[in-house]
Amino acid sequence: MASDLEKQAKEAFIDDHFELAVDLYTQAIALDPKNSELYSDRAQANIKSNNLTEAVADANKAIELDGSLYKAYLRKGIACMRLEEYQTAKAALELGASLAPEESRFAKLIKECDELIAEENGELPKQPTETTTTESVTSAEDIHPVNPPSDEVTVAPVKPKYRHEFYQKPEEVVVTIFAKGIPAKDVAVDFGEQILSVSIDVPGEDTYHFQPRLFGKIIREKCRFDVLSTKVEIRLAKLEPIHWTSLEFRKDSFVPVKVNAPVIGAAQRPSYPSSKPKRVDWDKLEAQVKKEEKDEKLDGDAALNKFFQEIYKDADEDTRRAMRKSFVESNGTVLSTNWKEVGTKKVEGSAPDGMEMKKWEY
C-alpha cells in the first residue's frame with residue numbers, strides 16, 4: 001500500500017502537482033514511518049511547494065533514519081540556502097559530498113554558499129543579478145516550476161496538537177511547547193542558523209512537527225532544550241541582541257529593535273551576560289560607609305542625637321548606666337553622665353519652660 005502511494009506521489013510530482021505529492025508522501029509515511037526515502041522525496045516536494053522549513057525537517061528525519069542517504073543532505077542544503085541559512089546549508093552539503101564525491105552539484109552549491117557567506121559578511125560586493133539555487137545547479141529530477149498549477153489539491157489548516165508560546169530576554173528566546181508526559185526519547189530538536197525544527201513522535205500517535213523560520217538568527221552551539229513532565233522548553237541563543245516582535249520571520253514586519261546590549265560587529269565575537277557573581281570588597285565598603293557617616297553634617301535634633309550617641313559609644317560602663325537611668329526615669333527630659341549623682345536616687349523629670357510634666361499610666 002505504501003509503495004502504491006509512493007508511486008502516485010512520484011507521478012504527481014512529475015506532473016507538477018507538488019502539494020498533491022506532499023499529501024501522498026504523507027499518507028505513505030503514515031504506513032511506513034521508517035522509510036528514509038519517503039522523507040527525502042517529501043522534502044523535495046516541499047521545496048517545490050516553497051514549504052522550506054518543512055523540507056528541512058523532512059531532510060533531517062531522512063538523515064536520522066539513514067545517515068548515508070546523500071540526497072537528503074542535498075535537499076537540506078538547497079532548502080537552507082533558500083532560507084538564507086548558508087552556514088547550515090554548507091555543513092549539510094559537505095557531508096553529502098563526502099558520501100557522493102561524484103555528484104557535481106555538491107561542489108557547485110558549496111562554492112555558491114562560500115560566496116553568499118562572504119557577501120553576508122561584507123567581504124564581497126553584491127552581485128547585480130541573482131539566480132535561484134535550483135535553476136543553475138540541480139539535475140532534471142529537481143527542476144520544476146515553483147508555482148503550482150491551478151488544479152492543485154489544497155489542504156485545510158489543522159489545529160496544532162500542542163500549544164506553544166515564547167518569551168525573550170536580551171540574549172535569548174525561550175520557546176515552550178506544552179506537551180505533557182512525553183518521554184525524552186520521543187522528542188527531536190534541531191537548530192539551524194534561523195530555523196527551529198521540533199518533532200514529537202509518540203508511538204501510536206500522529207507525529208507532531210513544529211518548524212518555524214525564526215525572526216532572527218541564533219547561535220546553534222549555545223541552544224539547548226529540556227523535556228520536562230508538562231512541557232518541552234527550548235532556549236535559543238540570539239546572535240544579535242535585537243527585540244523579536246514575533247517568533248517567526250515575516251518580511252512585512254521585520255523591524256529590528258536594539259535592546260540595551262552592546263552591538264556585535266561582524267569581526268567581533270558575541271558577548272553575553274555572565275551568571276558569575278561579582279566580588280564585593282565588604283571591608284572597603286564598610287570603611288566607606290563609616291567615613292560618610294563621620295563626615296555627614298547634621299542640624300537640629302539629628303545633630304544632638306548624634307552627639308549623644310558618640311558620647312555613649314566612647315563612655316565607660318558607669319557613664320552608660322547613668323545615661324540610661326537618668327533618661328528612662330526622667331521620661332527623656334534629663335540625661336546625666338554622673339553615676340555617683342544619679343545612682344543613689346530617682347531622677348525626676350523637668351519640663352521645659354511653658355510645659356507641664358505628665359505621668360504615663362500603664
# chains A, B, ... in the order shown; residues from 1 in each chain; ligands from 1
$ closest_atom_pairs --of "region 158-177 of chain A" --to "region 236-245 of chain A" --cutoff "10 Å" --atoms "only C-alpha atoms" --output "tab-separated table"
residue	atom	partner	partner_atom	distance
A:Tyr167	CA	A:Trp244	CA	9.3
A:Gln168	CA	A:Trp244	CA	7.8
A:Lys169	CA	A:His243	CA	8.4
A:Pro170	CA	A:Pro241	CA	5.5
A:Glu171	CA	A:Lys238	CA	5.5
A:Glu172	CA	A:Ala237	CA	4.5
A:Val173	CA	A:Leu236	CA	5.0
A:Val174	CA	A:Leu236	CA	6.2
A:Val175	CA	A:Leu236	CA	7.8
$ write_last_selection --atoms "C-alpha atoms" --output "compact mmCIF listing (two decimals), in the first residue's frame"
# COMPACT_ATOMS: atom_id res chain seq x y z
CA TYR A 167 9.18 34.94 25.80
CA GLN A 168 12.57 36.61 25.46
CA LYS A 169 15.50 38.19 27.22
CA PRO A 170 18.15 40.40 25.59
CA GLU A 171 20.37 37.38 24.98
CA GLU A 172 17.90 34.52 24.39
CA VAL A 173 14.41 33.42 23.39
CA VAL A 174 12.63 30.71 25.37
CA VAL A 175 10.05 28.62 23.47
$ residues_around --residues "Val334 (chain A)" --least-positions-apart "4" --cutoff "12 Å" --atoms "only C-alpha atoms" --output "ChimeraX atom specification"
/A:322-330,338,342,346-352
$ closest_residue --among "A:Ala179, A:Ala12, A:Leu31, A:Ile110" --to "Val232 (chain A)" --atoms "only C-alpha atoms"
A:Ala179
$ closest_residue --among "A:Ala89, A:Leu214, A:Leu116, A:Ala79" --to "Asn51 (chain A)" --atoms "only C-alpha atoms"
A:Ala79
$ closest_residue --among "A:Lys185, A:Asp314, A:Tyr86, A:Leu285" --to "Asn121 (chain A)" --atoms "only C-alpha atoms"
A:Tyr86
